[in-house]
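Trainee: Next up, query03.txt (compact mmCIF, C-alpha atoms).
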# COMPACT_ATOMS: atom_id res chain seq x y z
CA MET A 1 26.81 -20.71 20.55
CA GLY A 2 27.47 -21.10 16.82
CA HIS A 3 25.79 -17.75 16.14
CA ALA A 4 28.05 -15.92 18.63
CA LYS A 5 31.13 -17.54 17.09
CA SER A 6 30.14 -16.51 13.55
CA ARG A 7 29.45 -12.96 14.81
CA ARG A 8 32.97 -12.80 16.35
CA GLU A 9 34.50 -14.13 13.13
CA GLU A 10 32.60 -11.52 11.11
CA GLN A 11 33.76 -8.75 13.45
CA GLY A 12 37.34 -10.01 13.14
CA ARG A 13 37.10 -9.93 9.33
CA LEU A 14 35.65 -6.41 9.40
CA LYS A 15 38.48 -5.20 11.66
CA LYS A 16 41.04 -6.80 9.37
CA ASN A 17 39.42 -5.27 6.25
CA THR A 18 39.24 -1.85 7.92
CA SER A 19 42.87 -2.12 8.97
CA GLU A 20 43.96 -3.14 5.45
CA ARG A 21 42.00 -0.28 3.89
CA THR A 22 43.51 2.17 6.37
CA GLU A 23 47.02 0.92 5.62
CA ARG A 24 46.38 1.13 1.87
CA ALA A 25 44.99 4.67 2.16
CA ALA A 26 48.04 5.70 4.20
CA LEU A 27 50.37 4.13 1.62
CA TYR A 28 48.57 5.91 -1.25
CA GLY A 29 48.77 9.19 0.63
CA LEU A 30 52.47 8.67 1.28
CA LEU A 31 53.14 7.84 -2.38
CA THR A 32 51.12 10.86 -3.55
CA ALA A 33 52.95 13.21 -1.18
CA LEU A 34 56.33 11.78 -2.18
CA ALA A 35 55.54 12.22 -5.88
CA MET A 36 54.42 15.81 -5.28
CA VAL A 37 57.59 16.62 -3.34
CA LEU A 38 59.79 15.05 -6.02
CA GLY A 39 57.94 16.98 -8.72
CA PHE A 40 58.40 20.22 -6.77
CA VAL A 41 62.11 19.53 -6.21
CA GLU A 42 62.49 18.86 -9.92
CA SER A 43 60.87 22.21 -10.75
CA LEU A 44 63.69 23.88 -8.78
CA ILE A 45 66.41 22.20 -10.86
CA PRO A 46 67.27 24.22 -13.96
CA ILE A 47 67.78 22.02 -17.01
CA PRO A 48 69.61 23.93 -19.78
CA PHE A 49 68.18 22.17 -22.85
CA PRO A 50 67.05 24.10 -25.92
CA VAL A 51 64.00 21.84 -26.37
CA PRO A 52 61.01 22.70 -24.19
CA GLY A 53 59.56 19.88 -22.13
CA ILE A 54 62.73 17.95 -21.31
CA ARG A 55 62.81 17.03 -17.65
CA LEU A 56 64.12 14.34 -15.35
CA GLY A 57 60.74 12.98 -14.29
CA LEU A 58 61.59 12.46 -10.62
CA ALA A 59 57.93 11.94 -9.70
CA ASN A 60 58.02 8.90 -11.98
CA LEU A 61 60.16 7.16 -9.36
CA VAL A 62 56.91 6.80 -7.45
CA THR A 63 55.10 5.59 -10.57
CA VAL A 64 57.64 2.85 -11.29
CA ALA A 65 57.80 1.76 -7.65
CA GLY A 66 54.01 1.99 -7.37
CA LEU A 67 53.48 -0.44 -10.23
CA TYR A 68 55.32 -3.06 -8.20
CA LEU A 69 53.93 -2.09 -4.79
CA VAL A 70 50.25 -1.26 -5.35
CA GLY A 71 49.60 -2.35 -8.94
CA ILE A 72 48.25 -0.43 -11.90
CA ARG A 73 44.98 0.69 -10.28
CA GLY A 74 46.68 2.05 -7.17
CA THR A 75 49.40 3.70 -9.23
CA ALA A 76 46.79 5.28 -11.50
CA ALA A 77 44.96 6.66 -8.46
CA VAL A 78 48.19 8.08 -7.02
CA THR A 79 49.21 9.57 -10.38
CA VAL A 80 45.87 11.24 -11.08
CA LEU A 81 45.70 12.58 -7.53
CA ARG A 82 49.26 13.93 -7.79
CA ILE A 83 48.57 15.66 -11.11
CA VAL A 84 45.31 17.22 -9.93
CA LEU A 85 46.74 18.37 -6.59
CA THR A 86 49.90 19.73 -8.20
CA GLY A 87 47.84 21.46 -10.90
CA LEU A 88 45.55 23.04 -8.33
CA SER A 89 48.49 24.08 -6.14
CA PHE A 90 51.04 25.27 -8.68
CA GLY A 91 49.52 25.14 -12.15
CA ASN A 92 46.35 25.57 -14.12
CA PRO A 93 43.84 23.40 -15.99
CA TYR A 94 46.13 23.15 -19.02
CA SER A 95 49.04 21.88 -16.94
CA MET A 96 46.71 19.23 -15.50
CA ALA A 97 45.50 18.26 -18.97
CA TYR A 98 49.05 18.01 -20.33
CA GLY A 99 50.15 16.02 -17.30
CA LEU A 100 47.21 13.65 -17.58
CA SER A 101 47.65 13.16 -21.34
CA GLY A 102 51.20 11.94 -20.95
CA SER A 103 50.80 10.14 -17.66
CA LEU A 104 47.73 8.11 -18.55
CA LEU A 105 49.24 6.87 -21.83
CA SER A 106 52.47 6.13 -19.99
CA LEU A 107 50.63 4.18 -17.27
CA LEU A 108 48.70 2.20 -19.86
CA VAL A 109 51.90 1.19 -21.68
CA MET A 110 53.86 0.47 -18.50
CA GLY A 111 51.00 -1.51 -16.98
CA ALA A 112 50.67 -3.66 -20.11
CA ALA A 113 54.42 -4.28 -20.29
CA LYS A 114 54.59 -5.20 -16.60
CA LYS A 115 51.55 -7.47 -16.80
CA ARG A 116 53.06 -9.36 -19.71
CA GLN A 117 56.47 -9.41 -17.98
CA TRP A 118 58.16 -8.18 -21.13
CA PHE A 119 60.73 -5.94 -19.47
CA SER A 120 62.57 -5.18 -16.25
CA PRO A 121 61.68 -2.00 -14.32
CA VAL A 122 64.27 -0.19 -16.48
CA GLY A 123 62.62 -1.24 -19.75
CA ILE A 124 59.17 -0.47 -18.37
CA SER A 125 60.32 2.98 -17.29
CA ILE A 126 61.88 3.69 -20.70
CA LEU A 127 58.61 2.69 -22.37
CA GLY A 128 56.81 4.98 -19.94
CA GLY A 129 59.10 7.90 -20.82
CA ILE A 130 58.49 7.36 -24.53
CA ALA A 131 54.72 7.03 -24.11
CA HIS A 132 54.58 10.09 -21.87
CA ASN A 133 56.30 12.25 -24.48
CA VAL A 134 54.14 10.88 -27.30
CA GLY A 135 51.00 11.56 -25.25
CA GLN A 136 51.97 15.12 -24.37
CA VAL A 137 53.16 16.06 -27.86
CA SER A 138 50.00 14.58 -29.38
CA PHE A 139 47.88 16.57 -26.93
CA ALA A 140 49.86 19.73 -27.73
CA ALA A 141 49.33 19.14 -31.46
CA PHE A 142 45.61 18.79 -30.84
CA ILE A 143 45.45 21.98 -28.74
CA VAL A 144 47.47 24.18 -31.12
CA ARG A 145 46.03 22.44 -34.19
CA THR A 146 49.35 21.93 -35.90
CA ALA A 147 51.66 18.99 -36.41
CA GLY A 148 54.65 21.34 -36.06
CA VAL A 149 55.09 20.39 -32.42
CA PHE A 150 56.12 16.89 -33.52
CA TYR A 151 59.40 18.54 -34.58
CA TYR A 152 60.40 18.31 -30.90
CA LEU A 153 59.52 14.62 -30.59
CA PRO A 154 62.93 13.07 -31.53
CA ALA A 155 64.75 15.12 -28.88
CA LEU A 156 62.01 14.41 -26.34
CA LEU A 157 62.14 10.69 -27.09
CA ALA A 158 65.92 10.58 -26.66
CA ALA A 159 65.65 12.46 -23.37
CA GLY A 160 62.73 10.25 -22.30
CA CYS A 161 64.80 7.12 -22.93
CA ALA A 162 67.75 8.45 -20.96
CA ALA A 163 65.66 9.72 -18.05
CA GLY A 164 63.51 6.58 -18.18
CA ALA A 165 66.58 4.38 -17.83
CA VAL A 166 67.82 6.26 -14.76
CA ILE A 167 64.34 6.41 -13.20
CA GLY A 168 63.89 2.69 -13.95
CA VAL A 169 67.12 1.71 -12.19
CA VAL A 170 66.37 3.80 -9.11
CA GLY A 171 62.63 2.98 -9.16
CA GLY A 172 63.36 -0.74 -9.39
CA ILE A 173 65.68 -0.57 -6.39
CA LEU A 174 63.15 1.54 -4.51
CA ALA A 175 60.34 -0.94 -5.24
CA GLU A 176 62.45 -3.88 -4.13
CA ARG A 177 63.50 -2.25 -0.88
CA LEU A 178 60.06 -0.89 -0.06
CA SER A 179 58.40 -4.23 -0.77
CA GLN A 180 60.70 -5.85 1.79
CA PHE A 181 59.85 -3.15 4.32
CA LEU A 182 56.12 -3.41 3.66
CA LYS A 183 56.21 -7.20 4.09
CA ILE A 184 57.84 -6.78 7.48
CA GLN A 185 55.18 -4.28 8.51
CA ASN A 186 52.24 -6.42 7.33
Take the structure in the file and give it back as structure tokens.
Mentor:
Amino acid sequence: MGHAKSRREEQGRLKKNTSERTERAALYGLLTALAMVLGFVESLIPIPFPVPGIRLGLANLVTVAGLYLVGIRGTAAVTVLRIVLTGLSFGNPYSMAYGLSGSLLSLLVMGAAKKRQWFSPVGISILGGIAHNVGQVSFAAFIVRTAGVFYYLPALLAAGCAAGAVIGVVGGILAERLSQFLKIQN
């Protein structure tokens, strides 16, 4: 009798684990798709700045929200998947490398700041915008073998702070609302 009960309990745990993994995979897929769509929409918006590389960073809405919804590991998985899929669909290996160089440094900085509870989502997003630009400009300097590209860094940092603040406000609201929805569903 005890053996049958433990078998049923084990089957119940397996079903629950399978269900949780399925829900998590669906959530990661949804976040990845949303980030890709936002990135595509952003590519359609002309930004008339004389400095190359300035952008809104709409896909980072998913990154900021993801940090609060699925943690750093889940957000890293979504970010890498988004960059690779977007690079394969619309870019090339260099666009993937540039995207990864900025995004991975940004994730590292944002994850550390969130873990230590130093900043609100706005501050974390601003730090992410700064780190992203530093990562991409550093990678560009390495590729072209000149420090001349750092000439663009002050303008990129200012734009990264401004965009990071907006993305942080919206991403924080998004994370709060989605976390309430996900709690209801779980």
Trainee: Which of these residues is nearest to Tyr28 of chain A, using all atoms listed in the file: A:Gln136, A:Thr79, A:Ser125, A:Ser120?
Mentor: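 For Tyr28 of chain A, the nearest of the given residues is A:Thr79.
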Trainee: Quick one: distance from atom CA of Val78 of chain A to atom CA of Arg116 of chain A in Å, one decimal?
Mentor: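 Spanning atom CA of Val78 of chain A to atom CA of Arg116 of chain A is a straight-line distance of 22.1 Å.
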Trainee: Excluding Leu56 of chain A and its own-chain neighbours fewer than 3 positions away, which residues fall within 12 Å of it when counting all atoms listed in the file? Please give them as JSON, numbers by chain.
Mentor: {"A": [38, 39, 40, 41, 42, 43, 44, 45, 46, 47, 48, 49, 53, 59, 60, 61, 129, 156, 159, 160, 161, 162, 163, 164, 165, 166, 167, 168]}
Trainee: Please write the residues from the selection above to a file, keeping C-alpha atoms, as a PDB file, in the coordinates of the input.
Mentor:
ATOM      1  CA  LEU A  38      59.790  15.050  -6.020  1.00  0.00           C
ATOM      2  CA  GLY A  39      57.940  16.980  -8.720  1.00  0.00           C
ATOM      3  CA  PHE A  40      58.400  20.220  -6.770  1.00  0.00           C
ATOM      4  CA  VAL A  41      62.110  19.530  -6.210  1.00  0.00           C
ATOM      5  CA  GLU A  42      62.490  18.860  -9.920  1.00  0.00           C
ATOM      6  CA  SER A  43      60.870  22.210 -10.750  1.00  0.00           C
ATOM      7  CA  LEU A  44      63.690  23.880  -8.780  1.00  0.00           C
ATOM      8  CA  ILE A  45      66.410  22.200 -10.860  1.00  0.00           C
ATOM      9  CA  PRO A  46      67.270  24.220 -13.960  1.00  0.00           C
ATOM     10  CA  ILE A  47      67.780  22.020 -17.010  1.00  0.00           C
ATOM     11  CA  PRO A  48      69.610  23.930 -19.780  1.00  0.00           C
ATOM     12  CA  PHE A  49      68.180  22.170 -22.850  1.00  0.00           C
ATOM     13  CA  GLY A  53      59.560  19.880 -22.130  1.00  0.00           C
ATOM     14  CA  ALA A  59      57.930  11.940  -9.700  1.00  0.00           C
ATOM     15  CA  ASN A  60      58.020   8.900 -11.980  1.00  0.00           C
ATOM     16  CA  LEU A  61      60.160   7.160  -9.360  1.00  0.00           C
ATOM     17  CA  GLY A 129      59.100   7.900 -20.820  1.00  0.00           C
ATOM     18  CA  LEU A 156      62.010  14.410 -26.340  1.00  0.00           C
ATOM     19  CA  ALA A 159      65.650  12.460 -23.370  1.00  0.00           C
ATOM     20  CA  GLY A 160      62.730  10.250 -22.300  1.00  0.00           C
ATOM     21  CA  CYS A 161      64.800   7.120 -22.930  1.00  0.00           C
ATOM     22  CA  ALA A 162      67.750   8.450 -20.960  1.00  0.00           C
ATOM     23  CA  ALA A 163      65.660   9.720 -18.050  1.00  0.00           C
ATOM     24  CA  GLY A 164      63.510   6.580 -18.180  1.00  0.00           C
ATOM     25  CA  ALA A 165      66.580   4.380 -17.830  1.00  0.00           C
ATOM     26  CA  VAL A 166      67.820   6.260 -14.760  1.00  0.00           C
ATOM     27  CA  ILE A 167      64.340   6.410 -13.200  1.00  0.00           C
ATOM     28  CA  GLY A 168      63.890   2.690 -13.950  1.00  0.00           C
TER      29      GLY A 168
END
Trainee: Thr86 of chain A: which residues within 10 Å, counting all atoms listed in the file, same-chain residues fewer than 4 positions away excluded, as a list in words?
Mentor: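 Close residues of Thr86 of chain A: Ala35, Met36, Val37, Gly39, Phe40, Val80, Leu81, Arg82, Phe90, Gly91, Asn92, Ser95, Met96 and Gly99 of chain A.
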Trainee: Write out as a PyMOL selection string each polymer residue whose atoms come within 10 Å of Val149 of chain A, counting all atoms listed in the file; drop sequence neighbours fewer than 5 positions from it.
Mentor: chain A and resi 137-142+144
Trainee: Which residue out of A:Tyr98, A:Ala65, A:Gly87, A:Val51 has the minimum interatomic distance to Arg177 of chain A when only C-alpha atoms are used?
Mentor: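 Of A:Tyr98, A:Ala65, A:Gly87, A:Val51, the one nearest Arg177 of chain A, counting only C-alpha atoms, is A:Ala65.
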